[in-house]
>>> print(open('my_file_1.cif').read())   # mmCIF, C-alpha atoms, pLDDT in the B column; chains and numbers go by the auth columns
data_final
loop_
_atom_site.group_PDB
_atom_site.id
_atom_site.type_symbol
_atom_site.label_atom_id
_atom_site.label_comp_id
_atom_site.label_asym_id
_atom_site.label_seq_id
_atom_site.Cartn_x
_atom_site.Cartn_y
_atom_site.Cartn_z
_atom_site.B_iso_or_equiv
_atom_site.auth_seq_id
_atom_site.auth_asym_id
ATOM 1 C CA MET A 1 125.191 29.809 172.159 35.00 2 Y
ATOM 2 C CA VAL A 2 124.406 32.830 169.980 33.00 3 Y
ATOM 3 C CA THR A 3 122.418 35.698 171.421 33.00 4 Y
ATOM 4 C CA GLU A 4 121.164 38.890 169.826 36.00 5 Y
ATOM 5 C CA PRO A 5 121.430 42.299 171.461 38.00 6 Y
ATOM 6 C CA ALA A 6 118.442 43.042 173.659 38.00 7 Y
ATOM 7 C CA ASN A 7 117.875 46.435 172.046 39.00 8 Y
ATOM 8 C CA GLU A 8 117.527 45.058 168.496 39.00 9 Y
ATOM 9 C CA ALA A 9 114.061 45.696 167.117 38.00 10 Y
ATOM 10 C CA ILE A 10 111.698 42.757 167.010 39.00 11 Y
ATOM 11 C CA LYS A 11 110.727 42.016 163.424 50.00 12 Y
ATOM 12 C CA GLU A 12 107.021 42.189 162.747 55.00 13 Y
ATOM 13 C CA SER A 13 105.532 39.304 160.856 58.00 14 Y
ATOM 14 C CA PRO A 14 103.846 40.132 157.550 73.00 15 Y
ATOM 15 C CA PRO A 15 100.143 40.869 157.940 85.00 16 Y
ATOM 16 C CA LEU A 16 97.410 38.321 157.547 90.00 17 Y
ATOM 17 C CA THR A 17 95.722 39.672 154.411 92.00 18 Y
ATOM 18 C CA VAL A 18 91.979 39.199 153.992 93.00 19 Y
ATOM 19 C CA LEU A 19 90.513 39.535 150.483 93.00 20 Y
ATOM 20 C CA TYR A 20 86.768 40.090 150.492 92.00 21 Y
ATOM 21 C CA ASP A 21 83.902 41.124 148.208 92.00 22 Y
ATOM 22 C CA GLY A 22 83.011 44.657 149.277 90.00 23 Y
ATOM 23 C CA ALA A 23 80.051 44.706 146.875 89.00 24 Y
ATOM 24 C CA CYS A 24 78.405 41.922 148.883 90.00 25 Y
ATOM 25 C CA PRO A 25 76.276 43.214 151.788 89.00 26 Y
ATOM 26 C CA LEU A 26 76.811 39.971 153.727 88.00 27 Y
ATOM 27 C CA CYS A 27 80.577 40.146 153.282 91.00 28 Y
ATOM 28 C CA ARG A 28 80.709 43.831 154.279 90.00 29 Y
ATOM 29 C CA ARG A 29 78.849 43.130 157.498 89.00 30 Y
ATOM 30 C CA GLU A 30 81.024 40.188 158.432 91.00 31 Y
ATOM 31 C CA ILE A 31 84.249 42.034 157.640 93.00 32 Y
ATOM 32 C CA GLY A 32 82.925 44.978 159.649 91.00 33 Y
ATOM 33 C CA LEU A 33 82.749 42.702 162.696 91.00 34 Y
ATOM 34 C CA TYR A 34 86.311 41.498 162.193 93.00 35 Y
ATOM 35 C CA ARG A 35 87.660 45.025 161.593 90.00 36 Y
ATOM 36 C CA GLY A 36 86.426 46.101 164.992 86.00 37 Y
ATOM 37 C CA LEU A 37 88.652 43.562 166.755 88.00 38 Y
ATOM 38 C CA ARG A 38 92.318 43.868 167.633 83.00 39 Y
ATOM 39 C CA PRO A 39 94.450 40.886 166.604 83.00 40 Y
ATOM 40 C CA LEU A 40 95.445 38.546 169.431 81.00 41 Y
ATOM 41 C CA ARG A 41 99.123 39.220 168.703 79.00 42 Y
ATOM 42 C CA PRO A 42 99.754 42.980 168.543 75.00 43 Y
ATOM 43 C CA ASN A 43 102.829 42.563 166.327 73.00 44 Y
ATOM 44 C CA SER A 44 100.803 40.574 163.770 74.00 45 Y
ATOM 45 C CA PRO A 45 98.507 43.014 161.968 83.00 46 Y
ATOM 46 C CA LEU A 46 95.547 42.227 159.740 89.00 47 Y
ATOM 47 C CA CYS A 47 94.925 43.858 156.362 90.00 48 Y
ATOM 48 C CA PHE A 48 91.546 43.898 154.641 91.00 49 Y
ATOM 49 C CA ILE A 49 91.366 44.360 150.869 91.00 50 Y
ATOM 50 C CA ASP A 50 88.117 44.782 148.939 92.00 51 Y
ATOM 51 C CA VAL A 51 88.580 42.976 145.629 92.00 52 Y
ATOM 52 C CA SER A 52 85.247 44.084 144.140 91.00 53 Y
ATOM 53 C CA ASN A 53 86.562 47.318 142.602 85.00 54 Y
ATOM 54 C CA ALA A 54 88.057 46.315 139.245 83.00 55 Y
ATOM 55 C CA ALA A 55 89.548 49.804 138.787 82.00 56 Y
ATOM 56 C CA LEU A 56 92.017 49.236 141.612 79.00 57 Y
ATOM 57 C CA PRO A 57 95.237 47.392 140.901 80.00 58 Y
ATOM 58 C CA LEU A 58 95.347 44.225 142.926 77.00 59 Y
ATOM 59 C CA PRO A 59 98.195 41.801 143.438 73.00 60 Y
ATOM 60 C CA LEU A 60 96.433 38.578 142.516 78.00 61 Y
ATOM 61 C CA PRO A 61 97.574 35.253 143.916 82.00 62 Y
ATOM 62 C CA PRO A 62 99.366 33.217 141.239 82.00 63 Y
ATOM 63 C CA GLY A 63 96.963 31.466 138.900 86.00 64 Y
ATOM 64 C CA THR A 64 93.821 33.316 140.028 87.00 65 Y
ATOM 65 C CA THR A 65 91.491 35.906 138.573 88.00 66 Y
ATOM 66 C CA ARG A 66 89.502 38.654 140.264 88.00 67 Y
ATOM 67 C CA ALA A 67 86.321 36.652 139.531 89.00 68 Y
ATOM 68 C CA GLN A 68 87.745 33.663 141.422 90.00 69 Y
ATOM 69 C CA LEU A 69 88.612 35.904 144.371 90.00 70 Y
ATOM 70 C CA LEU A 70 85.070 37.293 144.427 91.00 71 Y
ATOM 71 C CA ALA A 71 83.540 33.820 144.349 91.00 72 Y
ATOM 72 C CA ARG A 72 85.181 32.582 147.585 93.00 73 Y
ATOM 73 C CA PHE A 73 86.740 33.997 150.730 94.00 74 Y
ATOM 74 C CA HIS A 74 90.568 34.238 150.527 93.00 75 Y
ATOM 75 C CA VAL A 75 93.322 34.957 153.035 94.00 76 Y
ATOM 76 C CA ARG A 76 97.063 35.209 152.588 93.00 77 Y
ATOM 77 C CA GLY A 77 98.658 33.812 155.705 91.00 78 Y
ATOM 78 C CA ARG A 78 101.624 35.340 157.444 87.00 79 Y
ATOM 79 C CA ASP A 79 103.733 32.665 155.779 89.00 80 Y
ATOM 80 C CA GLY A 80 102.640 33.915 152.329 88.00 81 Y
ATOM 81 C CA GLN A 81 100.456 30.888 151.621 92.00 82 Y
ATOM 82 C CA TRP A 82 97.049 31.573 150.041 92.00 83 Y
ATOM 83 C CA LEU A 83 94.039 29.905 151.643 94.00 84 Y
ATOM 84 C CA SER A 84 90.399 29.903 150.588 94.00 85 Y
ATOM 85 C CA GLY A 85 87.061 28.817 151.950 95.00 86 Y
ATOM 86 C CA ALA A 86 86.973 27.173 155.368 96.00 87 Y
ATOM 87 C CA GLN A 87 90.773 27.150 155.669 96.00 88 Y
ATOM 88 C CA ALA A 88 90.827 30.926 155.128 96.00 89 Y
ATOM 89 C CA PHE A 89 88.183 31.463 157.804 96.00 90 Y
ATOM 90 C CA LEU A 90 90.082 29.236 160.229 96.00 91 Y
ATOM 91 C CA ALA A 91 93.273 31.263 159.680 95.00 92 Y
ATOM 92 C CA LEU A 92 91.428 34.542 160.274 95.00 93 Y
ATOM 93 C CA TRP A 93 89.535 33.273 163.316 95.00 94 Y
ATOM 94 C CA ALA A 94 92.769 32.012 164.879 93.00 95 Y
ATOM 95 C CA ALA A 95 94.055 35.606 164.845 93.00 96 Y
ATOM 96 C CA LEU A 96 91.004 37.244 166.444 92.00 97 Y
ATOM 97 C CA PRO A 97 89.788 37.388 170.037 90.00 98 Y
ATOM 98 C CA GLY A 98 86.401 35.783 170.529 90.00 99 Y
ATOM 99 C CA TRP A 99 86.796 33.656 167.392 92.00 100 Y
ATOM 100 C CA ARG A 100 89.816 31.581 168.299 92.00 101 Y
ATOM 101 C CA TRP A 101 87.671 28.839 169.811 94.00 102 Y
ATOM 102 C CA LEU A 102 86.081 28.289 166.404 94.00 103 Y
ATOM 103 C CA ALA A 103 89.516 27.997 164.791 95.00 104 Y
ATOM 104 C CA GLN A 104 90.468 25.442 167.442 95.00 105 Y
ATOM 105 C CA ALA A 105 87.252 23.522 166.804 96.00 106 Y
ATOM 106 C CA GLY A 106 88.210 23.476 163.122 94.00 107 Y
ATOM 107 C CA ARG A 107 91.299 21.448 164.032 94.00 108 Y
ATOM 108 C CA LEU A 108 89.210 18.553 165.305 96.00 109 Y
ATOM 109 C CA PRO A 109 89.151 15.536 162.984 96.00 110 Y
ATOM 110 C CA GLY A 110 86.671 16.101 160.171 96.00 111 Y
ATOM 111 C CA ALA A 111 85.689 19.608 161.316 96.00 112 Y
ATOM 112 C CA ALA A 112 87.491 21.551 158.565 96.00 113 Y
ATOM 113 C CA TRP A 113 86.043 19.166 155.956 96.00 114 Y
ATOM 114 C CA THR A 114 82.541 19.735 157.369 97.00 115 Y
ATOM 115 C CA MET A 115 83.065 23.505 157.495 96.00 116 Y
ATOM 116 C CA GLU A 116 84.195 23.518 153.856 96.00 117 Y
ATOM 117 C CA ARG A 117 81.099 21.566 152.785 97.00 118 Y
ATOM 118 C CA ALA A 118 78.871 23.973 154.744 96.00 119 Y
ATOM 119 C CA TYR A 119 80.650 26.950 153.147 94.00 120 Y
ATOM 120 C CA ARG A 120 80.122 25.482 149.668 95.00 121 Y
ATOM 121 C CA GLY A 121 76.439 25.075 150.501 94.00 122 Y
ATOM 122 C CA PHE A 122 76.295 28.692 151.634 92.00 123 Y
ATOM 123 C CA LEU A 123 77.907 29.798 148.349 91.00 124 Y
ATOM 124 C CA ARG A 124 75.003 28.256 146.421 92.00 125 Y
ATOM 125 C CA TRP A 125 72.565 30.407 148.419 92.00 126 Y
ATOM 126 C CA ARG A 126 74.771 33.501 148.577 88.00 127 Y
ATOM 127 C CA PRO A 127 73.126 35.398 145.643 85.00 128 Y
ATOM 128 C CA THR A 128 69.684 35.008 147.205 86.00 129 Y
ATOM 129 C CA LEU A 129 70.955 35.935 150.662 87.00 130 Y
ATOM 130 C CA GLN A 130 72.710 38.992 149.206 84.00 131 Y
ATOM 131 C CA ARG A 131 69.449 40.254 147.738 86.00 132 Y
ATOM 132 C CA VAL A 132 67.675 39.788 151.072 87.00 133 Y
ATOM 133 C CA ALA A 133 70.504 41.480 153.006 83.00 134 Y
ATOM 134 C CA ALA A 134 70.553 44.404 150.557 83.00 135 Y
ATOM 135 C CA ARG A 135 66.901 45.124 151.402 85.00 136 Y
ATOM 136 C CA PHE A 136 67.837 45.588 155.053 81.00 137 Y
ATOM 137 C CA GLU A 137 70.826 47.857 154.484 76.00 138 Y
ATOM 138 C CA ARG A 138 70.453 51.303 155.947 70.00 139 Y
ATOM 139 C CA PRO A 139 70.635 54.184 153.470 63.00 140 Y
ATOM 140 C CA GLY A 140 73.915 56.036 153.708 55.00 141 Y
ATOM 141 C CA LEU A 141 75.794 53.006 154.995 50.00 142 Y
ATOM 142 C CA GLN A 142 79.168 53.526 153.415 51.00 143 Y
ATOM 143 C CA ARG A 143 81.426 50.853 152.132 51.00 144 Y
ATOM 144 C CA PRO A 144 84.891 50.858 153.658 51.00 145 Y
ATOM 145 C CA ASN A 145 87.761 52.085 151.511 52.00 146 Y
ATOM 146 C CA ALA A 146 88.128 49.653 148.655 45.00 147 Y
ATOM 147 C CA HIS A 147 91.817 49.102 149.252 47.00 148 Y
ATOM 148 C CA ASP A 148 92.035 49.623 152.993 52.00 149 Y
ATOM 149 C CA ASN A 149 95.109 47.652 153.777 50.00 150 Y
ATOM 150 C CA ALA A 150 96.002 49.612 156.871 49.00 151 Y
ATOM 151 C CA PRO A 151 97.080 47.116 159.517 51.00 152 Y
ATOM 152 C CA ARG A 152 94.591 46.562 162.336 47.00 153 Y
#
>>> encode(input="my_file_1.cif", output="structure tokens")
Amino acid sequence: MVTEPANEAIKESPPLTVLYDGACPLCRREIGLYRGLRPLRPNSPLCFIDVSNAALPLPLPPGTTRAQLLARFHVRGRDGQWLSGAQAFLALWAALPGWRWLAQAGRLPGAAWTMERAYRGFLRWRPTLQRVAARFERPGLQRPNAHDNAPR
């Protein structure tokens, strides 16, 4: 049996990295909700990166463009795997208090498939919903830092 010294530092897992469209009023509001929560596992931080600012250098997932990242929700899991759409939401929700139940529901047979279809339907209406949401934004509401990858 091999044991490690008790005083050796526990290695933190890499952060769950959320890529979002900071130019989208709907996305900003949703990400604002998530930012206010502490991850369920304190040693597993979350990073939020706004991909809407083309002037900022961004490490793109292999085989993707900034336009593709803006078109759908993306998350890089702690294992380094890139997820998009419903799978990305499920990974994020699993890490947050108050949302974990939804991630668990997504594991039920057919649920993730249904969530993905609903998300694709939402994406068709997203431009219209963005225009409506923009009308209700309060003046002076600031966007978060475009490359705020500080762990939460």
>>> closest_residue(input="my_file_1.cif", among="Y:Gln69, Y:Arg125, Y:Arg79, Y:Arg30", to="Y:Ser45", atoms="all atoms listed in the file")
Y:Arg79
>>> residues_around(input="my_file_1.cif", residues="stretch 22-26 of chain Y", least_positions_apart="6", cutoff="10 Å", atoms="only C-alpha atoms", output="list in words")
Ile32, Ile50, Asp51, Val52, Ser53, Asn54, Leu70, Leu71, Ala72, Arg73, Phe74, His75, Arg127, Pro128, Leu130, Gln131, Arg132, Val133, Ala134, Ala135, Arg136, Phe137, Glu138, Arg144, Pro145, Asn146, Ala147 and His148 of chain Y
>>> residues_around(input="my_file_1.cif", residues="stretch 107-109 of chain Y", least_positions_apart="6", cutoff="10 Å", atoms="only C-alpha atoms", output="list in words")
Ala87, Gln88, Phe90, Leu91, Ala92, Trp94, Ala95, Arg101, Thr115 and Met116 of chain Y
>>> closest_residue(input="my_file_1.cif", among="Y:Ala106, Y:Ala113, Y:Ala55, Y:Leu34", to="Y:Ala68", atoms="only C-alpha atoms")
Y:Ala55
>>> atom_distance(input="my_file_1.cif", atom1="atom CA of Y:Asn44", atom2="atom CA of Y:Leu61")
25.0 Å
>>> closest_residue(input="my_file_1.cif", among="Y:Thr66, Y:Gly86, Y:Pro110, Y:Arg29", to="Y:Phe123", atoms="all atoms listed in the file")
Y:Gly86
>>> atom_distance(input="my_file_1.cif", atom1="atom CA of Y:Leu59", atom2="atom CA of Y:Leu17")
15.9 Å
>>> atom_distance(input="my_file_1.cif", atom1="atom CA of Y:Trp114", atom2="atom CA of Y:Ser85")
12.8 Å
>>> closest_residue(input="my_file_1.cif", among="Y:Leu47, Y:Arg42, Y:Val76, Y:Gly64", to="Y:Tyr21", atoms="all atoms listed in the file")
Y:Val76
>>> residues_around(input="my_file_1.cif", residues="Y:Arg39", least_positions_apart="2", cutoff="9 Å", atoms="only C-alpha atoms", output="PDB file with C-alpha atoms, keeping the file's coordinate frame")
ATOM      1  CA  TYR Y  35      86.311  41.498 162.193  1.00 93.00           C
ATOM      2  CA  ARG Y  36      87.660  45.025 161.593  1.00 90.00           C
ATOM      3  CA  GLY Y  37      86.426  46.101 164.992  1.00 86.00           C
ATOM      4  CA  LEU Y  41      95.445  38.546 169.431  1.00 81.00           C
ATOM      5  CA  ARG Y  42      99.123  39.220 168.703  1.00 79.00           C
ATOM      6  CA  PRO Y  43      99.754  42.980 168.543  1.00 75.00           C
ATOM      7  CA  PRO Y  46      98.507  43.014 161.968  1.00 83.00           C
ATOM      8  CA  LEU Y  47      95.547  42.227 159.740  1.00 89.00           C
ATOM      9  CA  ALA Y  96      94.055  35.606 164.845  1.00 93.00           C
ATOM     10  CA  LEU Y  97      91.004  37.244 166.444  1.00 92.00           C
ATOM     11  CA  PRO Y  98      89.788  37.388 170.037  1.00 90.00           C
ATOM     12  CA  ARG Y 153      94.591  46.562 162.336  1.00 47.00           C
TER      13      ARG Y 153
END
>>> closest_residue(input="my_file_1.cif", among="Y:Thr129, Y:Ala112, Y:Ala104, Y:Arg67", to="Y:Ala89", atoms="only C-alpha atoms")
Y:Ala104
>>> closest_residue(input="my_file_1.cif", among="Y:Ala56, Y:Leu38, Y:Gln82, Y:Pro63", to="Y:Thr18", atoms="all atoms listed in the file")
Y:Gln82
>>> decode(input="my_file_1.cif", residues="stretch 38-61 of chain Y", atoms="N, CA and C atoms", output="short mmCIF file (atom, residue, chain, number, x, y, z; two decimals), in the first residue's frame")
data_model
loop_
_atom_site.label_atom_id
_atom_site.label_comp_id
_atom_site.auth_asym_id
_atom_site.auth_seq_id
_atom_site.Cartn_x
_atom_site.Cartn_y
_atom_site.Cartn_z
N LEU Y 38 -22.77 32.60 -7.84
CA LEU Y 38 -22.80 31.36 -7.06
C LEU Y 38 -21.39 30.82 -6.84
N ARG Y 39 -21.19 30.22 -5.72
CA ARG Y 39 -19.92 29.54 -5.43
C ARG Y 39 -20.03 28.11 -5.93
N PRO Y 40 -18.99 27.59 -6.57
CA PRO Y 40 -19.04 26.20 -7.04
C PRO Y 40 -19.28 25.25 -5.87
N LEU Y 41 -19.91 24.13 -6.16
CA LEU Y 41 -20.19 23.12 -5.13
C LEU Y 41 -18.91 22.59 -4.51
N ARG Y 42 -17.87 22.43 -5.33
CA ARG Y 42 -16.58 21.96 -4.82
C ARG Y 42 -15.63 23.15 -4.78
N PRO Y 43 -15.24 23.59 -3.58
CA PRO Y 43 -14.40 24.78 -3.46
C PRO Y 43 -13.07 24.69 -4.20
N ASN Y 44 -12.52 23.49 -4.34
CA ASN Y 44 -11.23 23.35 -5.02
C ASN Y 44 -11.39 23.18 -6.53
N SER Y 45 -12.59 23.42 -7.04
CA SER Y 45 -12.87 23.32 -8.48
C SER Y 45 -13.46 24.63 -8.98
N PRO Y 46 -12.62 25.60 -9.28
CA PRO Y 46 -13.12 26.92 -9.67
C PRO Y 46 -13.79 26.94 -11.04
N LEU Y 47 -14.51 28.02 -11.28
CA LEU Y 47 -15.14 28.28 -12.57
C LEU Y 47 -14.49 29.54 -13.16
N CYS Y 48 -14.28 29.53 -14.45
CA CYS Y 48 -13.78 30.71 -15.17
C CYS Y 48 -14.81 31.08 -16.23
N PHE Y 49 -15.04 32.37 -16.38
CA PHE Y 49 -15.98 32.86 -17.38
C PHE Y 49 -15.21 33.74 -18.36
N ILE Y 50 -15.32 33.43 -19.64
CA ILE Y 50 -14.61 34.18 -20.68
C ILE Y 50 -15.60 34.68 -21.72
N ASP Y 51 -15.62 36.00 -21.90
CA ASP Y 51 -16.46 36.63 -22.91
C ASP Y 51 -15.74 36.53 -24.25
N VAL Y 52 -16.33 35.82 -25.20
CA VAL Y 52 -15.68 35.63 -26.50
C VAL Y 52 -16.13 36.66 -27.54
N SER Y 53 -16.94 37.65 -27.13
CA SER Y 53 -17.47 38.60 -28.10
C SER Y 53 -16.46 39.67 -28.53
N ASN Y 54 -15.44 39.91 -27.73
CA ASN Y 54 -14.46 40.94 -28.05
C ASN Y 54 -13.34 40.37 -28.93
N ALA Y 55 -13.42 40.65 -30.22
CA ALA Y 55 -12.46 40.10 -31.18
C ALA Y 55 -11.04 40.63 -30.97
N ALA Y 56 -10.90 41.74 -30.24
CA ALA Y 56 -9.57 42.32 -30.02
C ALA Y 56 -8.77 41.53 -28.99
N LEU Y 57 -9.45 40.74 -28.19
CA LEU Y 57 -8.75 39.95 -27.17
C LEU Y 57 -8.26 38.63 -27.75
N PRO Y 58 -7.04 38.25 -27.43
CA PRO Y 58 -6.59 36.93 -27.86
C PRO Y 58 -7.36 35.87 -27.09
N LEU Y 59 -7.74 34.84 -27.78
CA LEU Y 59 -8.55 33.80 -27.16
C LEU Y 59 -8.04 32.43 -27.60
N PRO Y 60 -7.76 31.57 -26.64
CA PRO Y 60 -7.37 30.21 -27.02
C PRO Y 60 -8.61 29.45 -27.51
N LEU Y 61 -8.71 29.32 -28.81
CA LEU Y 61 -9.88 28.65 -29.39
C LEU Y 61 -9.75 27.14 -29.28
#
